[in-house]
Amino acid sequence: MRRFLSIGLFVLLLAGCCRNGRPLIGITTSLTGSGASSTGENYINAVIRSGGLPVLLPVQTDSTVSGELVSSLDGMIVIGGGDVEPLRYGEEAIPEAGVEVVPRRDTSDFMYVRCAIRSKVPVLAICRGEQVVNVALGGSLWQDLPLQKGVNHRDTSHVIFVSPGSWLHSIMGADTLTVNSFHHQAVKDPAPGIVITAVSADGIVEAYDLAAGSENGPVHAVQFHPEVMARRNPVWLALFREFVRECSGKAR
């Protein structure tokens, strides 16, 4: 395992030397049943089409490795996936909520997120990623929206309301957007410093920002999946292009 990670670090450093000025964007991964680290091609394609150089971050639980990988990045995308363990935000799992967790992936994601924030690496968090970042910063989640809120956001599309002046609004230029939805957990209590920038009609947090400060770089988070929508509608690629520009120091 150590040898594998050492080779991965060498490849990452080599990529940094040969990337021709393109920002290096780390993409977190999920853990398959066979133990492989993987991610959807939509995330990879969105970064490439936006001028970034994607690097997959393996699921692993060595904080030193997390720090070394993140320190070599210009930006990081935290991808979607399964549930976050409720104990991480101080709650016992509700039996009826159907929470399904992969503790090793939770540990890996939380390490990467905390390293990125500490290193002031810009972060774009998507779906589960939005939830992970919120919990990592001290917030909490709804364990199951249908059970606790009577809200169904599984396999649906709906309208969200976007705050003027926010990162999302400045890119999309609209007060309302129609987005996709594939989740049953969502932000409940926002962490300190987080500014909610979009909500659904039923009150679910759909986007937030954490402005760059003395202890962190910029963080942008969305509950929906722009990488999926960008596959058919190039308008949604604008989020990734702006994030890549931000990572390269060329943001508006």
# chains A, B, ... in the order shown; residues from 1 in each chain; ligands from 1

call {"tool": "closest_atom_pairs", "arguments": {"of": "region 143-205 of chain A", "to": "region 91-107 of chain A", "cutoff": "10 Å", "atoms": "only C-alpha atoms", "output": "JSON lines"}}
result
{"residue": "A:Gln143", "atom": "CA", "partner": "A:Ala97", "partner_atom": "CA", "distance": 6.3}
{"residue": "A:Asp144", "atom": "CA", "partner": "A:Ala97", "partner_atom": "CA", "distance": 5.2}
{"residue": "A:Leu145", "atom": "CA", "partner": "A:Ala97", "partner_atom": "CA", "distance": 8.6}
{"residue": "A:Pro146", "atom": "CA", "partner": "A:Ala97", "partner_atom": "CA", "distance": 8.6}
{"residue": "A:Leu147", "atom": "CA", "partner": "A:Ala97", "partner_atom": "CA", "distance": 6.6}
{"residue": "A:Gln148", "atom": "CA", "partner": "A:Ala97", "partner_atom": "CA", "distance": 8.5}
{"residue": "A:His184", "atom": "CA", "partner": "A:Ala97", "partner_atom": "CA", "distance": 9.0}
{"residue": "A:Gln185", "atom": "CA", "partner": "A:Val99", "partner_atom": "CA", "distance": 8.9}

call {"tool": "write_last_selection", "arguments": {"atoms": "N, CA and C atoms", "output": "PDB file, in the first residue's frame"}}
result
ATOM      1  N   GLN A 143     -30.699  13.488   8.487  1.00  0.00           N
ATOM      2  CA  GLN A 143     -30.335  12.106   8.169  1.00  0.00           C
ATOM      3  C   GLN A 143     -31.191  11.525   7.042  1.00  0.00           C
ATOM      4  N   ASP A 144     -32.451  11.937   6.984  1.00  0.00           N
ATOM      5  CA  ASP A 144     -33.332  11.446   5.924  1.00  0.00           C
ATOM      6  C   ASP A 144     -34.437  12.471   5.705  1.00  0.00           C
ATOM      7  N   LEU A 145     -34.417  13.122   4.556  1.00  0.00           N
ATOM      8  CA  LEU A 145     -35.373  14.189   4.276  1.00  0.00           C
ATOM      9  C   LEU A 145     -36.823  13.705   4.249  1.00  0.00           C
ATOM     10  N   PRO A 146     -37.144  12.570   3.617  1.00  0.00           N
ATOM     11  CA  PRO A 146     -38.539  12.119   3.649  1.00  0.00           C
ATOM     12  C   PRO A 146     -39.040  11.867   5.073  1.00  0.00           C
ATOM     13  N   LEU A 147     -38.197  11.266   5.901  1.00  0.00           N
ATOM     14  CA  LEU A 147     -38.599  10.932   7.264  1.00  0.00           C
ATOM     15  C   LEU A 147     -38.695  12.167   8.150  1.00  0.00           C
ATOM     16  N   GLN A 148     -37.693  13.033   8.093  1.00  0.00           N
ATOM     17  CA  GLN A 148     -37.610  14.150   9.028  1.00  0.00           C
ATOM     18  C   GLN A 148     -38.269  15.432   8.538  1.00  0.00           C
ATOM     19  N   HIS A 184     -30.884  11.991  -0.123  1.00  0.00           N
ATOM     20  CA  HIS A 184     -31.875  11.962   0.955  1.00  0.00           C
ATOM     21  C   HIS A 184     -31.339  12.599   2.224  1.00  0.00           C
ATOM     22  N   GLN A 185     -30.053  12.998   2.213  1.00  0.00           N
ATOM     23  CA  GLN A 185     -29.500  13.777   3.312  1.00  0.00           C
ATOM     24  C   GLN A 185     -29.203  15.185   2.805  1.00  0.00           C
TER      25      GLN A 185
END

call {"tool": "select_by_dssp", "arguments": {"residues": "region 115-232 of chain A", "states": "alpha helix (DSSP H)", "output": "PyMOL selection string"}}
result
chain A and resi 115-118+128-136+145-149+167-172+226-229

call {"tool": "select_by_dssp", "arguments": {"residues": "region 115-252 of chain A", "states": "strand (DSSP E)", "output": "PyMOL selection string"}}
result
chain A and resi 123-126+141-142+156-162+176-181+186-187+195-200+205-210+219-222

call {"tool": "write_last_selection", "arguments": {"atoms": "C-alpha atoms", "output": "mmCIF file, in the first residue's frame"}}
result
data_model
loop_
_atom_site.group_PDB
_atom_site.id
_atom_site.type_symbol
_atom_site.label_atom_id
_atom_site.label_comp_id
_atom_site.auth_asym_id
_atom_site.auth_seq_id
_atom_site.Cartn_x
_atom_site.Cartn_y
_atom_site.Cartn_z
ATOM 1 C CA VAL A 123 -12.775 23.607 -2.844
ATOM 2 C CA LEU A 124 -15.834 22.797 -4.953
ATOM 3 C CA ALA A 125 -18.096 20.386 -3.058
ATOM 4 C CA ILE A 126 -20.931 18.534 -4.806
ATOM 5 C CA LEU A 141 -27.258 17.109 8.472
ATOM 6 C CA TRP A 142 -30.780 15.863 8.049
ATOM 7 C CA THR A 156 -36.176 14.576 -9.165
ATOM 8 C CA SER A 157 -35.655 18.013 -10.641
ATOM 9 C CA HIS A 158 -36.845 21.212 -9.032
ATOM 10 C CA VAL A 159 -36.391 24.971 -8.918
ATOM 11 C CA ILE A 160 -33.941 26.621 -6.532
ATOM 12 C CA PHE A 161 -33.747 30.278 -5.516
ATOM 13 C CA VAL A 162 -30.300 31.850 -5.789
ATOM 14 C CA THR A 176 -33.912 30.836 -10.138
ATOM 15 C CA LEU A 177 -32.451 27.675 -11.629
ATOM 16 C CA THR A 178 -33.847 24.220 -12.372
ATOM 17 C CA VAL A 179 -31.507 21.553 -11.012
ATOM 18 C CA ASN A 180 -31.345 17.784 -10.656
ATOM 19 C CA SER A 181 -31.554 16.012 -7.311
ATOM 20 C CA ALA A 186 -28.883 17.542 3.329
ATOM 21 C CA VAL A 187 -27.485 20.393 5.404
ATOM 22 C CA VAL A 195 -23.286 31.609 3.879
ATOM 23 C CA ILE A 196 -26.294 29.890 2.305
ATOM 24 C CA THR A 197 -26.637 31.055 -1.295
ATOM 25 C CA ALA A 198 -29.487 28.926 -2.685
ATOM 26 C CA VAL A 199 -32.495 27.077 -1.283
ATOM 27 C CA SER A 200 -35.315 24.998 -2.720
ATOM 28 C CA VAL A 205 -30.035 24.173 1.380
ATOM 29 C CA GLU A 206 -28.974 23.894 -2.274
ATOM 30 C CA ALA A 207 -25.739 25.919 -2.258
ATOM 31 C CA TYR A 208 -23.423 27.764 0.094
ATOM 32 C CA ASP A 209 -20.118 29.625 0.106
ATOM 33 C CA LEU A 210 -17.311 30.017 2.598
ATOM 34 C CA VAL A 219 -15.203 27.004 -0.631
ATOM 35 C CA HIS A 220 -18.203 26.658 -2.952
ATOM 36 C CA ALA A 221 -20.760 23.918 -2.406
ATOM 37 C CA VAL A 222 -23.868 22.764 -4.257
#

call {"tool": "atom_distance", "arguments": {"atom1": "CA of Ile48 (chain A)", "atom2": "CA of Arg128 (chain A)"}}
result
21.9 Å

call {"tool": "residues_around", "arguments": {"residues": "Val59 (chain A)", "least_positions_apart": "2", "cutoff": "12 Å", "atoms": "only C-alpha atoms", "output": "ChimeraX atom specification"}}
result
/A:1,5,27-32,35-39,56-57,61-63,65-66,69,78,102-112

call {"tool": "write_last_selection", "arguments": {"atoms": "C-alpha atoms", "output": "PDB file, in the first residue's frame"}}
result
ATOM      1  CA  MET A   1       0.000   0.000   0.000  1.00  0.00           C
ATOM      2  CA  LEU A   5       0.854   5.646  -2.621  1.00  0.00           C
ATOM      3  CA  ILE A  27     -11.022  14.818  -7.338  1.00  0.00           C
ATOM      4  CA  THR A  28     -11.988  12.669  -4.371  1.00  0.00           C
ATOM      5  CA  THR A  29     -13.116   9.108  -5.018  1.00  0.00           C
ATOM      6  CA  SER A  30     -15.587   6.549  -3.735  1.00  0.00           C
ATOM      7  CA  LEU A  31     -14.780   3.026  -2.593  1.00  0.00           C
ATOM      8  CA  THR A  32     -16.110   0.103  -4.633  1.00  0.00           C
ATOM      9  CA  GLY A  35     -11.836  -1.918  -2.552  1.00  0.00           C
ATOM     10  CA  ALA A  36     -10.965   0.172  -5.607  1.00  0.00           C
ATOM     11  CA  SER A  37     -10.983   3.981  -5.531  1.00  0.00           C
ATOM     12  CA  SER A  38     -13.143   5.330  -8.341  1.00  0.00           C
ATOM     13  CA  THR A  39     -15.005   8.394  -9.545  1.00  0.00           C
ATOM     14  CA  LEU A  56      -7.883  11.261  -8.611  1.00  0.00           C
ATOM     15  CA  LEU A  57      -7.357  11.208  -4.861  1.00  0.00           C
ATOM     16  CA  THR A  61      -6.672   6.995   5.890  1.00  0.00           C
ATOM     17  CA  ASP A  62      -3.113   8.287   6.282  1.00  0.00           C
ATOM     18  CA  SER A  63      -3.211  11.967   7.243  1.00  0.00           C
ATOM     19  CA  VAL A  65      -0.471  11.217   2.625  1.00  0.00           C
ATOM     20  CA  SER A  66      -3.570  13.443   2.553  1.00  0.00           C
ATOM     21  CA  LEU A  69      -1.363  15.145  -1.934  1.00  0.00           C
ATOM     22  CA  VAL A  78     -15.321  16.705  -3.307  1.00  0.00           C
ATOM     23  CA  VAL A 102     -18.617   3.575   4.461  1.00  0.00           C
ATOM     24  CA  PRO A 103     -16.482   4.639   7.441  1.00  0.00           C
ATOM     25  CA  ARG A 104     -13.196   4.397   5.555  1.00  0.00           C
ATOM     26  CA  ARG A 105     -14.448   6.747   2.853  1.00  0.00           C
ATOM     27  CA  ASP A 106     -15.750   9.180   5.483  1.00  0.00           C
ATOM     28  CA  THR A 107     -12.333   9.245   7.145  1.00  0.00           C
ATOM     29  CA  SER A 108     -10.603   9.790   3.808  1.00  0.00           C
ATOM     30  CA  ASP A 109     -12.938  12.593   2.683  1.00  0.00           C
ATOM     31  CA  PHE A 110     -12.750  14.422   5.995  1.00  0.00           C
ATOM     32  CA  MET A 111      -8.939  14.264   5.926  1.00  0.00           C
ATOM     33  CA  TYR A 112      -8.786  15.706   2.402  1.00  0.00           C
TER      34      TYR A 112
END

call {"tool": "closest_residue", "arguments": {"among": "A:Gly26, A:Gly249, A:Gly193, A:Gly217", "to": "Gly75 (chain A)", "atoms": "only C-alpha atoms"}}
result
A:Gly26

call {"tool": "atom_distance", "arguments": {"atom1": "CA of Glu246 (chain A)", "atom2": "CA of Ser50 (chain A)"}}
result
11.5 Å

call {"tool": "residues_around", "arguments": {"residues": "Ala136 (chain A)", "least_positions_apart": "5", "cutoff": "9 Å", "atoms": "only C-alpha atoms", "output": "list of chain:residue names"}}
result
A:Arg88, A:Tyr89, A:Phe110, A:Val113, A:Arg114, A:Gln131, A:Ala191

call {"tool": "write_last_selection", "arguments": {"atoms": "C-alpha atoms", "output": "mmCIF file, in the first residue's frame"}}
result
data_model
loop_
_atom_site.group_PDB
_atom_site.id
_atom_site.type_symbol
_atom_site.label_atom_id
_atom_site.label_comp_id
_atom_site.auth_asym_id
_atom_site.auth_seq_id
_atom_site.Cartn_x
_atom_site.Cartn_y
_atom_site.Cartn_z
ATOM 1 C CA ARG A 88 -19.573 12.688 12.922
ATOM 2 C CA TYR A 89 -22.066 15.445 13.721
ATOM 3 C CA PHE A 110 -12.750 14.422 5.995
ATOM 4 C CA VAL A 113 -11.287 18.465 3.202
ATOM 5 C CA ARG A 114 -9.542 19.550 6.381
ATOM 6 C CA GLN A 131 -22.548 17.645 3.303
ATOM 7 C CA ALA A 191 -21.339 25.406 10.072
#

call {"tool": "closest_residue", "arguments": {"among": "A:Asn152, A:Ala174, A:Pro122, A:Val132", "to": "Pro218 (chain A)", "atoms": "only C-alpha atoms"}}
result
A:Pro122

call {"tool": "decode", "arguments": {"residues": "region 155-179 of chain A", "atoms": "N, CA and C atoms", "output": "short mmCIF file (atom, residue, chain, number, x, y, z; two decimals), in the first residue's frame"}}
result
data_model
loop_
_atom_site.label_atom_id
_atom_site.label_comp_id
_atom_site.auth_asym_id
_atom_site.auth_seq_id
_atom_site.Cartn_x
_atom_site.Cartn_y
_atom_site.Cartn_z
N ASP A 155 -33.98 11.49 -7.19
CA ASP A 155 -34.30 11.33 -8.61
C ASP A 155 -35.38 12.30 -9.09
N THR A 156 -35.21 13.56 -8.76
CA THR A 156 -36.18 14.58 -9.16
C THR A 156 -35.44 15.78 -9.74
N SER A 157 -36.19 16.69 -10.30
CA SER A 157 -35.65 18.01 -10.64
C SER A 157 -36.58 19.05 -10.02
N HIS A 158 -36.04 20.19 -9.67
CA HIS A 158 -36.85 21.21 -9.03
C HIS A 158 -36.17 22.57 -9.17
N VAL A 159 -36.89 23.60 -8.83
CA VAL A 159 -36.39 24.97 -8.92
C VAL A 159 -35.72 25.35 -7.60
N ILE A 160 -34.60 26.06 -7.72
CA ILE A 160 -33.94 26.62 -6.53
C ILE A 160 -33.87 28.14 -6.68
N PHE A 161 -33.78 28.82 -5.55
CA PHE A 161 -33.75 30.28 -5.52
C PHE A 161 -32.35 30.71 -5.09
N VAL A 162 -31.71 31.51 -5.94
CA VAL A 162 -30.30 31.85 -5.79
C VAL A 162 -30.14 33.28 -5.28
N SER A 163 -29.26 33.46 -4.29
CA SER A 163 -29.03 34.78 -3.70
C SER A 163 -28.22 35.67 -4.64
N PRO A 164 -28.71 36.87 -4.95
CA PRO A 164 -27.93 37.81 -5.76
C PRO A 164 -26.59 38.12 -5.09
N GLY A 165 -25.55 38.25 -5.90
CA GLY A 165 -24.23 38.55 -5.37
C GLY A 165 -23.42 37.34 -4.97
N SER A 166 -24.03 36.17 -4.98
CA SER A 166 -23.32 34.94 -4.60
C SER A 166 -22.48 34.44 -5.77
N TRP A 167 -21.58 33.51 -5.46
CA TRP A 167 -20.73 32.91 -6.49
C TRP A 167 -21.58 32.26 -7.57
N LEU A 168 -22.60 31.50 -7.16
CA LEU A 168 -23.47 30.81 -8.11
C LEU A 168 -24.23 31.81 -8.98
N HIS A 169 -24.74 32.86 -8.37
CA HIS A 169 -25.51 33.86 -9.10
C HIS A 169 -24.62 34.61 -10.10
N SER A 170 -23.39 34.92 -9.70
CA SER A 170 -22.49 35.66 -10.58
C SER A 170 -22.14 34.85 -11.83
N ILE A 171 -22.15 33.54 -11.71
CA ILE A 171 -21.82 32.67 -12.85
C ILE A 171 -23.04 32.44 -13.73
N MET A 172 -24.16 32.08 -13.11
CA MET A 172 -25.34 31.68 -13.88
C MET A 172 -26.22 32.87 -14.24
N GLY A 173 -26.11 33.98 -13.51
CA GLY A 173 -26.85 35.19 -13.84
C GLY A 173 -28.35 35.06 -13.74
N ALA A 174 -28.83 34.24 -12.79
CA ALA A 174 -30.27 34.01 -12.66
C ALA A 174 -30.66 33.89 -11.19
N ASP A 175 -31.87 34.38 -10.88
CA ASP A 175 -32.39 34.27 -9.51
C ASP A 175 -32.98 32.90 -9.24
N THR A 176 -33.38 32.19 -10.29
CA THR A 176 -33.91 30.84 -10.14
C THR A 176 -33.24 29.92 -11.16
N LEU A 177 -33.05 28.67 -10.76
CA LEU A 177 -32.45 27.67 -11.63
C LEU A 177 -33.19 26.35 -11.43
N THR A 178 -33.30 25.57 -12.49
CA THR A 178 -33.85 24.22 -12.37
C THR A 178 -32.68 23.25 -12.31
N VAL A 179 -32.64 22.44 -11.24
CA VAL A 179 -31.51 21.55 -11.01
C VAL A 179 -31.99 20.12 -10.81
#
